[in-house]
Structure formats: structure tokens, C-alpha cells
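query02.cif, holding mmCIF, C-alpha atoms:
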```cif
data_query
loop_
_atom_site.group_PDB
_atom_site.id
_atom_site.type_symbol
_atom_site.label_atom_id
_atom_site.label_comp_id
_atom_site.auth_asym_id
_atom_site.auth_seq_id
_atom_site.Cartn_x
_atom_site.Cartn_y
_atom_site.Cartn_z
ATOM 1 C CA MET A 15 132.576 110.970 151.054
ATOM 2 C CA ALA A 16 128.949 111.504 150.078
ATOM 3 C CA GLU A 17 126.316 110.405 152.605
ATOM 4 C CA ASN A 18 124.010 107.951 150.837
ATOM 5 C CA ASP A 19 122.898 105.691 153.699
ATOM 6 C CA SER A 20 119.225 106.650 153.473
ATOM 7 C CA VAL A 21 119.229 106.297 149.679
ATOM 8 C CA ILE A 22 120.650 102.765 149.837
ATOM 9 C CA ALA A 23 118.089 101.814 152.498
ATOM 10 C CA ALA A 24 115.223 103.259 150.423
ATOM 11 C CA ALA A 25 116.401 101.456 147.280
ATOM 12 C CA GLN A 26 116.265 98.140 149.122
ATOM 13 C CA ALA A 27 112.836 98.933 150.579
ATOM 14 C CA TRP A 28 111.483 99.903 147.138
ATOM 15 C CA LYS A 29 113.177 97.070 145.251
ATOM 16 C CA GLY A 30 111.223 95.922 142.194
ATOM 17 C CA GLU A 31 109.307 99.200 141.913
ATOM 18 C CA PRO A 32 109.949 101.847 139.209
ATOM 19 C CA MET A 33 112.622 104.336 140.264
ATOM 20 C CA ALA A 34 115.222 106.728 138.898
ATOM 21 C CA LEU A 35 118.553 107.674 140.414
ATOM 22 C CA ALA A 36 120.110 111.148 140.249
ATOM 23 C CA THR A 37 123.837 111.470 140.994
ATOM 24 C CA VAL A 38 126.133 114.487 141.270
ATOM 25 C CA VAL A 39 128.917 113.647 138.814
ATOM 26 C CA SER A 40 130.757 116.994 138.706
ATOM 27 C CA THR A 41 131.040 120.069 140.910
ATOM 28 C CA TRP A 42 132.678 123.470 140.556
ATOM 29 C CA GLY A 43 133.061 126.238 143.100
ATOM 30 C CA SER A 44 130.855 126.243 146.181
ATOM 31 C CA ALA A 45 128.588 123.406 145.084
ATOM 32 C CA PRO A 46 126.086 122.451 147.814
ATOM 33 C CA ARG A 47 126.589 118.649 147.638
ATOM 34 C CA PRO A 48 129.750 116.623 146.899
ATOM 35 C CA ARG A 49 130.356 114.362 143.915
ATOM 36 C CA GLY A 50 128.689 110.998 144.356
ATOM 37 C CA SER A 51 125.665 112.363 146.216
ATOM 38 C CA HIS A 52 122.433 110.606 145.274
ATOM 39 C CA MET A 53 118.735 111.349 145.105
ATOM 40 C CA LEU A 54 116.423 108.392 144.549
ATOM 41 C CA VAL A 55 112.988 109.108 143.065
ATOM 42 C CA HIS A 56 110.087 106.659 143.161
ATOM 43 C CA ALA A 57 107.432 106.647 140.418
ATOM 44 C CA ASP A 58 104.786 107.697 142.961
ATOM 45 C CA GLY A 59 106.710 110.901 143.797
ATOM 46 C CA ARG A 60 108.479 109.776 146.963
ATOM 47 C CA PHE A 61 112.170 110.561 147.084
ATOM 48 C CA GLU A 62 115.169 110.105 149.326
ATOM 49 C CA GLY A 63 118.480 111.954 149.412
ATOM 50 C CA SER A 64 119.587 115.205 147.821
ATOM 51 C CA VAL A 65 121.779 116.459 144.988
ATOM 52 C CA SER A 66 121.792 120.157 145.815
ATOM 53 C CA GLY A 67 120.440 120.674 149.319
ATOM 54 C CA GLY A 68 117.073 121.691 147.857
ATOM 55 C CA CYS A 69 118.099 124.039 145.037
ATOM 56 C CA VAL A 70 117.370 121.934 141.945
ATOM 57 C CA GLU A 71 115.424 119.011 143.372
ATOM 58 C CA ASN A 72 112.103 119.943 141.729
ATOM 59 C CA ASP A 73 113.697 119.989 138.288
ATOM 60 C CA ILE A 74 115.483 116.711 138.974
ATOM 61 C CA MET A 75 112.228 115.072 140.067
ATOM 62 C CA GLU A 76 110.624 116.045 136.753
ATOM 63 C CA THR A 77 113.605 114.622 134.852
ATOM 64 C CA ALA A 78 113.461 111.465 136.965
ATOM 65 C CA ALA A 79 109.767 111.007 136.178
ATOM 66 C CA GLN A 80 110.607 111.245 132.480
ATOM 67 C CA ALA A 81 113.361 108.657 132.883
ATOM 68 C CA ILE A 82 111.008 106.275 134.685
ATOM 69 C CA ALA A 83 108.542 106.712 131.814
ATOM 70 C CA GLY A 84 111.232 105.684 129.334
ATOM 71 C CA ALA A 85 113.039 108.917 128.401
ATOM 72 C CA PRO A 86 116.766 108.595 127.617
ATOM 73 C CA PHE A 87 119.472 108.924 130.227
ATOM 74 C CA GLN A 88 120.536 112.544 130.842
ATOM 75 C CA VAL A 89 123.331 114.584 132.422
ATOM 76 C CA LYS A 90 121.949 117.973 133.457
ATOM 77 C CA ARG A 91 124.162 120.931 134.295
ATOM 78 C CA TYR A 92 123.268 123.783 136.627
ATOM 79 C CA GLY A 93 125.304 126.896 137.361
ATOM 80 C CA VAL A 94 125.114 130.585 138.189
ATOM 81 C CA ALA A 95 125.966 131.533 134.613
ATOM 82 C CA ASP A 96 122.945 129.624 133.352
ATOM 83 C CA THR A 97 119.584 131.428 133.356
ATOM 84 C CA ASP A 98 117.796 128.117 133.788
ATOM 85 C CA ALA A 99 119.899 127.409 136.871
ATOM 86 C CA TRP A 100 118.700 130.643 138.460
ATOM 87 C CA GLU A 101 115.136 129.671 137.647
ATOM 88 C CA VAL A 102 115.493 126.381 139.500
ATOM 89 C CA GLY A 103 117.264 128.119 142.343
ATOM 90 C CA LEU A 104 121.035 127.573 142.325
ATOM 91 C CA PRO A 105 122.337 130.989 143.442
ATOM 92 C CA CYS A 106 125.039 129.610 145.765
ATOM 93 C CA GLY A 107 127.926 130.453 143.453
ATOM 94 C CA GLY A 108 128.676 126.867 142.402
ATOM 95 C CA GLU A 109 127.941 124.625 139.468
ATOM 96 C CA ILE A 110 126.912 120.982 139.372
ATOM 97 C CA ALA A 111 126.327 118.262 136.789
ATOM 98 C CA VAL A 112 123.690 115.690 137.713
ATOM 99 C CA MET A 113 123.258 112.329 136.009
ATOM 100 C CA VAL A 114 119.707 110.934 135.910
ATOM 101 C CA GLN A 115 119.251 107.261 135.051
ATOM 102 C CA ARG A 116 116.591 104.619 135.490
ATOM 103 C CA VAL A 117 117.084 101.987 138.159
ATOM 104 C CA ALA A 118 117.023 99.115 135.682
ATOM 105 C CA ALA A 119 119.286 96.646 133.908
ATOM 106 C CA ASP A 120 120.036 99.254 131.213
ATOM 107 C CA GLY A 121 120.809 101.968 133.790
ATOM 108 C CA PHE A 122 121.694 101.543 137.451
ATOM 109 C CA ASP A 123 121.174 97.821 138.021
ATOM 110 C CA PRO A 124 118.983 97.431 141.141
ATOM 111 C CA GLU A 125 121.156 94.477 142.213
ATOM 112 C CA LEU A 126 124.000 96.957 142.728
ATOM 113 C CA PHE A 127 122.210 98.373 145.763
ATOM 114 C CA ASP A 128 122.212 94.932 147.390
ATOM 115 C CA ARG A 129 125.906 94.481 146.642
ATOM 116 C CA ILE A 130 126.687 97.934 148.029
ATOM 117 C CA ALA A 131 124.741 97.210 151.211
ATOM 118 C CA GLN A 132 126.438 93.842 151.638
ATOM 119 C CA ALA A 133 129.945 95.256 151.170
ATOM 120 C CA ARG A 134 129.336 98.113 153.570
ATOM 121 C CA GLY A 135 127.744 95.797 156.117
ATOM 122 C CA GLU A 136 130.928 93.727 156.080
ATOM 123 C CA GLY A 137 133.041 96.836 156.664
ATOM 124 C CA GLY A 138 134.253 97.079 153.069
ATOM 125 C CA SER A 139 133.788 99.385 150.106
ATOM 126 C CA LEU A 140 132.300 98.874 146.656
ATOM 127 C CA ILE A 141 133.111 100.820 143.492
ATOM 128 C CA VAL A 142 130.570 101.408 140.718
ATOM 129 C CA HIS A 143 131.560 102.598 137.232
ATOM 130 C CA THR A 144 129.095 104.500 135.016
ATOM 131 C CA ASP A 145 129.478 105.245 131.312
ATOM 132 C CA LEU A 146 128.421 108.894 130.967
ATOM 133 C CA SER A 147 127.553 108.384 127.293
ATOM 134 C CA SER A 148 125.068 105.577 127.910
ATOM 135 C CA GLY A 149 124.110 105.779 131.578
ATOM 136 C CA LEU A 150 125.013 102.125 132.149
ATOM 137 C CA SER A 151 126.465 101.342 135.607
ATOM 138 C CA SER A 152 128.561 98.316 136.463
ATOM 139 C CA GLN A 153 130.968 96.957 139.052
ATOM 140 C CA ARG A 154 133.354 96.154 136.218
ATOM 141 C CA PRO A 155 135.803 98.871 135.121
ATOM 142 C CA LEU A 156 134.807 100.512 131.845
ATOM 143 C CA GLU A 157 137.631 101.128 129.395
ATOM 144 C CA THR A 158 135.911 103.352 126.837
ATOM 145 C CA GLY A 159 134.247 106.755 126.900
ATOM 146 C CA GLU A 160 133.908 109.124 129.839
ATOM 147 C CA VAL A 161 133.423 107.176 133.046
ATOM 148 C CA PHE A 162 132.162 108.329 136.445
ATOM 149 C CA VAL A 163 133.456 106.284 139.355
ATOM 150 C CA ASN A 164 131.600 106.289 142.676
ATOM 151 C CA ARG A 165 132.954 104.601 145.814
ATOM 152 C CA TYR A 166 130.595 103.478 148.554
ATOM 153 C CA ASP A 167 132.455 103.313 151.857
ATOM 154 C CA PRO A 168 131.221 101.655 155.077
ATOM 155 C CA PRO A 169 128.822 103.655 157.272
ATOM 156 C CA ARG A 170 130.485 105.972 159.753
ATOM 157 C CA ARG A 171 130.583 104.557 163.249
ATOM 158 C CA LEU A 172 131.520 105.901 166.682
ATOM 159 C CA LEU A 173 132.634 103.681 169.555
ATOM 160 C CA ILE A 174 132.381 105.594 172.843
ATOM 161 C CA VAL A 175 134.173 104.058 175.814
ATOM 162 C CA GLY A 176 132.745 105.222 179.139
ATOM 163 C CA ALA A 177 129.023 105.793 179.702
ATOM 164 C CA VAL A 178 129.519 109.207 181.285
ATOM 165 C CA GLN A 179 127.602 112.465 180.859
ATOM 166 C CA ILE A 180 129.714 113.632 177.921
ATOM 167 C CA ALA A 181 128.923 110.308 176.242
ATOM 168 C CA GLN A 182 125.199 111.043 176.579
ATOM 169 C CA ALA A 183 125.599 114.355 174.754
ATOM 170 C CA LEU A 184 128.006 112.928 172.183
ATOM 171 C CA SER A 185 125.827 109.930 171.324
ATOM 172 C CA ALA A 186 122.819 112.205 170.797
ATOM 173 C CA LEU A 187 124.837 114.541 168.582
ATOM 174 C CA ALA A 188 126.270 111.631 166.593
ATOM 175 C CA ALA A 189 122.727 110.438 165.889
ATOM 176 C CA THR A 190 121.874 113.776 164.250
ATOM 177 C CA LEU A 191 124.997 113.381 162.095
ATOM 178 C CA GLY A 192 123.899 109.948 160.920
ATOM 179 C CA VAL A 193 126.782 108.233 162.717
ATOM 180 C CA GLU A 194 126.068 104.755 164.088
ATOM 181 C CA THR A 195 127.052 104.830 167.763
ATOM 182 C CA VAL A 196 127.967 102.175 170.321
ATOM 183 C CA VAL A 197 128.594 102.995 173.983
ATOM 184 C CA ILE A 198 130.931 100.541 175.694
ATOM 185 C CA ASP A 199 131.228 100.263 179.465
ATOM 186 C CA PRO A 200 131.493 97.207 181.748
ATOM 187 C CA ARG A 201 129.848 99.153 184.589
ATOM 188 C CA ALA A 202 126.166 98.190 184.547
ATOM 189 C CA ARG A 203 124.996 101.172 186.616
ATOM 190 C CA PHE A 204 126.351 103.577 183.997
ATOM 191 C CA LEU A 205 125.278 101.650 180.921
ATOM 192 C CA THR A 206 121.484 101.845 180.897
ATOM 193 C CA ALA A 207 118.872 102.342 178.194
ATOM 194 C CA GLU A 208 117.352 105.167 180.225
ATOM 195 C CA ARG A 209 120.600 107.129 180.026
ATOM 196 C CA PHE A 210 121.237 106.237 176.372
ATOM 197 C CA PRO A 211 117.889 105.838 174.602
ATOM 198 C CA GLY A 212 118.110 104.361 171.118
ATOM 199 C CA VAL A 213 121.872 103.722 171.369
ATOM 200 C CA THR A 214 123.589 100.346 171.058
ATOM 201 C CA LEU A 215 125.064 99.405 174.455
ATOM 202 C CA ASP A 216 127.927 96.957 174.996
ATOM 203 C CA ASP A 217 128.964 95.835 178.497
ATOM 204 C CA ARG A 218 132.067 93.891 177.475
ATOM 205 C CA TRP A 219 135.532 95.035 178.490
ATOM 206 C CA PRO A 220 136.562 97.694 175.970
ATOM 207 C CA ASP A 221 139.483 95.818 174.430
ATOM 208 C CA GLU A 222 137.269 92.821 173.687
ATOM 209 C CA ALA A 223 134.414 94.950 172.384
ATOM 210 C CA ILE A 224 136.552 97.157 170.158
ATOM 211 C CA ALA A 225 138.364 94.176 168.655
ATOM 212 C CA ALA A 226 134.973 92.607 167.870
ATOM 213 C CA TYR A 227 133.784 95.745 166.014
ATOM 214 C CA ARG A 228 136.937 95.734 163.849
ATOM 215 C CA PRO A 229 137.373 99.515 163.528
ATOM 216 C CA GLY A 230 138.341 100.790 160.092
ATOM 217 C CA PRO A 231 138.917 104.216 158.533
ATOM 218 C CA ALA A 232 135.199 105.050 158.883
ATOM 219 C CA THR A 233 135.217 104.295 162.637
ATOM 220 C CA ALA A 234 136.062 106.688 165.469
ATOM 221 C CA VAL A 235 136.994 105.501 168.963
ATOM 222 C CA VAL A 236 136.703 107.957 171.862
ATOM 223 C CA THR A 237 137.579 107.115 175.467
ATOM 224 C CA LEU A 238 135.760 109.152 178.105
ATOM 225 C CA SER A 239 135.665 107.076 181.301
ATOM 226 C CA HIS A 240 138.708 108.782 182.895
ATOM 227 C CA ASP A 241 139.484 105.366 184.414
ATOM 228 C CA THR A 242 142.789 103.929 183.229
ATOM 229 C CA LYS A 243 141.545 100.377 183.778
ATOM 230 C CA ILE A 244 138.855 101.038 181.153
ATOM 231 C CA ASP A 245 140.429 103.613 178.841
ATOM 232 C CA ASP A 246 143.923 102.137 178.415
ATOM 233 C CA PRO A 247 142.786 98.706 177.138
ATOM 234 C CA ALA A 248 140.391 100.495 174.778
ATOM 235 C CA LEU A 249 143.183 102.655 173.374
ATOM 236 C CA LEU A 250 145.464 99.650 172.941
ATOM 237 C CA ALA A 251 142.767 97.915 170.902
ATOM 238 C CA ALA A 252 141.942 101.051 168.894
ATOM 239 C CA LEU A 253 145.588 101.761 168.052
ATOM 240 C CA ALA A 254 146.045 98.165 166.901
ATOM 241 C CA SER A 255 143.389 98.881 164.254
ATOM 242 C CA PRO A 256 143.174 101.300 161.293
ATOM 243 C CA ALA A 257 140.508 103.379 163.088
ATOM 244 C CA GLY A 258 140.057 106.732 161.384
ATOM 245 C CA TYR A 259 139.989 108.743 164.612
ATOM 246 C CA VAL A 260 141.134 107.953 168.154
ATOM 247 C CA GLY A 261 140.475 110.473 170.918
ATOM 248 C CA ALA A 262 140.964 110.395 174.680
ATOM 249 C CA LEU A 263 139.555 112.640 177.399
ATOM 250 C CA GLY A 264 142.027 114.118 179.864
ATOM 251 C CA SER A 265 144.390 117.001 180.493
ATOM 252 C CA ARG A 266 147.777 117.382 178.818
ATOM 253 C CA ARG A 267 149.387 116.223 182.030
ATOM 254 C CA SER A 268 147.249 113.099 182.271
ATOM 255 C CA HIS A 269 147.852 112.385 178.584
ATOM 256 C CA ALA A 270 151.620 112.574 179.098
ATOM 257 C CA ALA A 271 151.270 109.888 181.779
ATOM 258 C CA ARG A 272 148.996 107.922 179.454
ATOM 259 C CA ARG A 273 151.606 107.995 176.687
ATOM 260 C CA GLU A 274 154.168 106.566 179.104
ATOM 261 C CA ARG A 275 151.836 103.723 180.095
ATOM 262 C CA LEU A 276 150.936 102.875 176.509
ATOM 263 C CA ALA A 277 154.559 103.079 175.388
ATOM 264 C CA ALA A 278 155.470 100.650 178.160
ATOM 265 C CA ALA A 279 152.761 98.351 176.782
ATOM 266 C CA GLY A 280 154.489 98.356 173.402
ATOM 267 C CA VAL A 281 152.686 101.126 171.465
ATOM 268 C CA SER A 282 154.969 102.847 168.959
ATOM 269 C CA PRO A 283 155.555 106.632 168.993
ATOM 270 C CA GLY A 284 153.753 106.896 165.666
ATOM 271 C CA ASP A 285 150.644 105.206 167.000
ATOM 272 C CA LEU A 286 150.760 107.278 170.193
ATOM 273 C CA ASP A 287 150.664 110.379 167.998
ATOM 274 C CA ARG A 288 147.381 109.153 166.494
ATOM 275 C CA ILE A 289 145.609 109.883 169.791
ATOM 276 C CA ASP A 290 143.804 113.223 169.812
ATOM 277 C CA ALA A 291 144.261 114.329 173.413
ATOM 278 C CA PRO A 292 142.970 116.364 175.060
ATOM 279 C CA VAL A 293 140.165 115.150 172.820
ATOM 280 C CA GLY A 294 138.284 117.539 170.512
ATOM 281 C CA LEU A 295 138.864 120.871 168.819
ATOM 282 C CA ASP A 296 139.971 123.692 171.082
ATOM 283 C CA ILE A 297 136.846 125.856 171.095
ATOM 284 C CA GLY A 298 136.982 126.752 174.778
ATOM 285 C CA ALA A 299 134.285 124.183 175.471
ATOM 286 C CA ILE A 300 132.612 124.266 178.889
ATOM 287 C CA GLY A 301 130.284 121.506 180.057
ATOM 288 C CA PRO A 302 129.364 118.126 178.549
ATOM 289 C CA SER A 303 127.397 119.404 175.557
ATOM 290 C CA GLU A 304 130.098 121.784 174.359
ATOM 291 C CA ILE A 305 132.815 119.182 174.900
ATOM 292 C CA ALA A 306 130.720 116.717 172.886
ATOM 293 C CA LEU A 307 130.460 119.293 170.093
ATOM 294 C CA SER A 308 134.237 119.770 170.056
ATOM 295 C CA ILE A 309 134.756 115.990 169.875
ATOM 296 C CA ALA A 310 132.239 115.588 167.045
ATOM 297 C CA ALA A 311 133.918 118.384 165.075
ATOM 298 C CA ALA A 312 137.363 116.795 165.500
ATOM 299 C CA MET A 313 135.968 113.410 164.472
ATOM 300 C CA ILE A 314 134.361 114.813 161.320
ATOM 301 C CA GLY A 315 137.558 116.700 160.527
ATOM 302 C CA ALA A 316 139.556 113.489 160.753
ATOM 303 C CA TRP A 317 137.171 111.719 158.403
ATOM 304 C CA HIS A 318 137.607 114.574 155.953
ATOM 305 C CA ASP A 319 141.385 114.489 156.487
ATOM 306 C CA ARG A 320 141.415 117.951 158.061
ATOM 307 C CA GLY A 321 143.550 116.960 161.044
#
```
Please, can you express the file's structure as C-alpha cells?
Amino acid sequence: MAENDSVIAAAQAWKGEPMALATVVSTWGSAPRPRGSHMLVHADGRFEGSVSGGCVENDIMETAAQAIAGAPFQVKRYGVADTDAWEVGLPCGGEIAVMVQRVAADGFDPELFDRIAQARGEGGSLIVHTDLSSGLSSQRPLETGEVFVNRYDPPRRLLIVGAVQIAQALSALAATLGVETVVIDPRARFLTAERFPGVTLDDRWPDEAIAAYRPGPATAVVTLSHDTKIDDPALLAALASPAGYVGALGSRRSHAARRERLAAAGVSPGDLDRIDAPVGLDIGAIGPSEIALSIAAAMIGAWHDRG
């Protein structure tokens, strides 16, 4: 799943102004950015996003400027076997094809950005089809020619239950990963803006809060309070949803007892197996920051289906 949150936000902020959109439509080998990655270029030279992690961006910006000025739609290819690719700096061993189109009715319709944002804001996805012979993008399936299909999934979100020290480290790390984070804890002394600056705080009971956020495949739920009165209701709510990752702090022994409690509450063996516990990748983590790192890595792995 390509990360295009900042591009979508920029497109809405720049709406009505001349822009061009670059999109990675094919990759081979160790390409630096996945298919579907965007780079949005404004006529005044501002840009948002990336199609190669910095390797070919200068060349793409020149092509985008030409597109804004009225040049035809293009698909540009860069690879290690191409002398031009070396000149623009793609020595990573991969190859990419990048589509460059105007943000206009005859290219990438600017209204599509609003529809993408609306769908994602409602927790859904939106699919855009682009004819690679004309550069025309549409929500409607295209039945002729070579078509590139890009899916825009909801933003990644992390619901942390328990405003403990590990949660402080994990929420800060999630912010650097571009993951929207909510810390849930009914204990007012734990849940303060001073302890969690810039993080959404929710003081409802976890089962109520989690149900209200309607976790989907792009949402992770991690329980850290080590208090069964708080963690167990949160896990019941998380396992009743299609959350993409569910993790729980605790030893193997405490998790065995947890499984018994949740099974007695009606959770199926299959749903119990969804819980990553002890939470996080086994990296020998010591201390809150390292434990937070192990949790973040496990969460990302689940989103990439590396569990």
C-alpha cells in the first residue's frame, strides 16, 4: 500500500491551481517506491510525495512542468540498464515506470482527490482506473487498452489502550510513521496532554471507544494497561472487528490466562489466535522505547501481511 496521505492533502489545499501528478505504474527488482506512489507538482515548483525516494525527482519535476504547460501525457521508464537512468540517479538495482499527467479533466480529474479523501475519511477505499494510452483517469472501469488501477485505502490508524510509558514511546514512533494514533484510557491521571503531546486522547471505556472507531484492516489495536478490567473489554471489541492487527502486552503465562478469560466470554479459538502476545517482534527488547519499536515493527508487518 503506497503512502499518499500528504499528496491527497496537498491536492485539496492546492485545488484549482495548475498541477501535474506523477505515479509509479510499474516496478522491477529493488525499486525504491511501490506501485501507486505519487508525487504532486505545483506550477510554482512546490511538490509533495515521492516516486523514487529522491533518485529521479528532478527529472520528473521537469516533465511535470511540461505537462502543466500543455505537453502530452507521458510514461517515463528508468532503470540501471538505461544510461539516462544513471544520469538522473537510479543506481539502486531496480527499474520503475512513472506516469506523468496533468491534474485536469483530460488527465487526473481534480474531483477525484475529493472523492478519495471522502472515501478514506469514512473508512472505505476508492479505486481509480487510468488508461495508459491516453492518461485519462476515472472511477469507472476501463475496458480497452492498458489500464493502471490504483486503490486508495483508509489512513493507517493505531488505537493504544493504556496510557502507560510504553504508550508514550509508541505514540511518538507511530507519528514518525505517519500513523494516526489514539490513546484510550479511562484513568484521567494517566491520560494527559502533557504526557501525550499532539496525540488524540479518549477517556471512554475501551470497549465503547474501540467500537466507536470501527477498526478495519488499516487499524491496529494494542492493549498495554496490564489491567484486565481495561484490556479485556478492549480485546473483546477489537476481536469483534476486522482490525488488521491486535496485540496485547503480557507474558506467555499471563496470555494463557487471558485466552481462558476471553474464551469464557465467547471468543472463538480462531479470533484468539489473532492476538499477537506477547506483543511485538522478538528482538530482545529492553525498556519502553525498544518494546515500542518491536510493537511498531509487528504492526507494520501485519499491514504488509508478513505475519
* **Near-stretch 56-62 of chain A list (8 Å; all atoms listed in the file; drop same-chain fewer than 6 positions) as number ranges by chain** => A: 20-21, 24, 28, 31-34, 75, 79, 82
* Can you tell me, as a PyMOL selection string, what residues are no more than 6 Å from stretch 293-302 of chain A when counting only C-alpha atoms, ignoring any on the same chain fewer than 5 positions away? -> chain A and resi 180+261-263+308-309+312
* Asked: Between A:Cys69, A:Leu35, A:Leu172, A:Leu54, which has the minimum distance to A:Val89 (counting all atoms listed in the file)?
  -> A:Leu35
* Within 12 Å of A:Arg165 using all atoms listed in the file, minus same-chain residues under 6 positions, as a PyMOL selection string -> chain A and resi 15-18+49-51+130+133-134+138-144+153
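Using all atoms listed in the file, the smallest distance between any of A:Val70, A:Ala23, A:Val236, A:Ala316 and A:Gly258 comes from A:Ala316.
Between A:Asp167 and the residues A:Gly137, A:Gly68, A:Pro48, A:Pro211, the shortest atom-to-atom distance, using only C-alpha atoms, involves A:Gly137.
With only C-alpha atoms as the atoms that count, the minimum distance from A:Pro220 to the choices A:Ile305, A:Ile174, A:Ala291, A:Ala257 is reached by A:Ile174.
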* Would you mind reading off the distance between atom CA of A:Leu253 and atom CA of A:Ile289, one decimal, in Å? => 8.3 Å
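Using the PyMOL selection byres ((chain A and resi 40) around 8) on the file at hand returns these residues: Val38, Val39, Thr41, Trp42, Arg49, Ile110, Ala111 and Val112 of chain A.
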Can I get the selection written as a tab-separated table (two decimals), keeping the file's coordinate frame, with C-alpha atoms?
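New file result.tsv:
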```
chain	number	residue	atom	x	y	z
A	38	VAL	CA	126.13	114.49	141.27
A	39	VAL	CA	128.92	113.65	138.81
A	41	THR	CA	131.04	120.07	140.91
A	42	TRP	CA	132.68	123.47	140.56
A	49	ARG	CA	130.36	114.36	143.92
A	110	ILE	CA	126.91	120.98	139.37
A	111	ALA	CA	126.33	118.26	136.79
A	112	VAL	CA	123.69	115.69	137.71
```
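Computed from the coordinates, the atom CA of A:Tyr166 to atom CA of A:Ala183 distance equals 28.8 Å.
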Hey, what comes out of the PyMOL selection byres ((chain A and resi 192) around 12) on this file? Could you write it as a PDB file with C-alpha atoms, keeping the file's coordinate frame?
```pdb
ATOM      1  CA  GLU A  17     126.316 110.405 152.605  1.00  0.00           C
ATOM      2  CA  ASN A  18     124.010 107.951 150.837  1.00  0.00           C
ATOM      3  CA  ASP A  19     122.898 105.691 153.699  1.00  0.00           C
ATOM      4  CA  SER A  20     119.225 106.650 153.473  1.00  0.00           C
ATOM      5  CA  PRO A 169     128.822 103.655 157.272  1.00  0.00           C
ATOM      6  CA  ARG A 170     130.485 105.972 159.753  1.00  0.00           C
ATOM      7  CA  ARG A 171     130.583 104.557 163.249  1.00  0.00           C
ATOM      8  CA  LEU A 172     131.520 105.901 166.682  1.00  0.00           C
ATOM      9  CA  SER A 185     125.827 109.930 171.324  1.00  0.00           C
ATOM     10  CA  ALA A 186     122.819 112.205 170.797  1.00  0.00           C
ATOM     11  CA  LEU A 187     124.837 114.541 168.582  1.00  0.00           C
ATOM     12  CA  ALA A 188     126.270 111.631 166.593  1.00  0.00           C
ATOM     13  CA  ALA A 189     122.727 110.438 165.889  1.00  0.00           C
ATOM     14  CA  THR A 190     121.874 113.776 164.250  1.00  0.00           C
ATOM     15  CA  LEU A 191     124.997 113.381 162.095  1.00  0.00           C
ATOM     16  CA  VAL A 193     126.782 108.233 162.717  1.00  0.00           C
ATOM     17  CA  GLU A 194     126.068 104.755 164.088  1.00  0.00           C
ATOM     18  CA  THR A 195     127.052 104.830 167.763  1.00  0.00           C
ATOM     19  CA  ALA A 310     132.239 115.588 167.045  1.00  0.00           C
ATOM     20  CA  ILE A 314     134.361 114.813 161.320  1.00  0.00           C
TER      21      ILE A 314
END
```
Name all residues at most 8 Å from A:Gln182 (count all atoms listed in the file; drop same-chain ones fewer than 5 positions away) and give them as a PDB file with C-alpha atoms, in the frame of the given file.
```pdb
ATOM      1  CA  ALA A 177     129.023 105.793 179.702  1.00  0.00           C
ATOM      2  CA  ARG A 209     120.600 107.129 180.026  1.00  0.00           C
ATOM      3  CA  PHE A 210     121.237 106.237 176.372  1.00  0.00           C
TER       4      PHE A 210
END
```
Save stretch 165-179 of chain A to a file: C-alpha atoms, as a short mmCIF file (atom, residue, chain, number, x, y, z; two decimals), in the first residue's frame.
```cif
data_model
loop_
_atom_site.label_atom_id
_atom_site.label_comp_id
_atom_site.auth_asym_id
_atom_site.auth_seq_id
_atom_site.Cartn_x
_atom_site.Cartn_y
_atom_site.Cartn_z
CA ARG A 165 -6.51 1.62 -4.82
CA TYR A 166 -6.62 4.25 -2.10
CA ASP A 167 -7.14 2.60 1.27
CA PRO A 168 -8.08 4.35 4.54
CA PRO A 169 -5.26 6.01 6.52
CA ARG A 170 -3.43 3.72 8.91
CA ARG A 171 -4.56 4.14 12.49
CA LEU A 172 -3.34 2.87 15.86
CA LEU A 173 -5.59 2.57 18.91
CA ILE A 174 -3.48 2.25 22.06
CA VAL A 175 -5.29 1.09 25.18
CA GLY A 176 -3.50 2.12 28.37
CA ALA A 177 -1.72 5.46 28.76
CA VAL A 178 1.45 3.91 30.15
CA GLN A 179 5.11 4.67 29.45
#
```
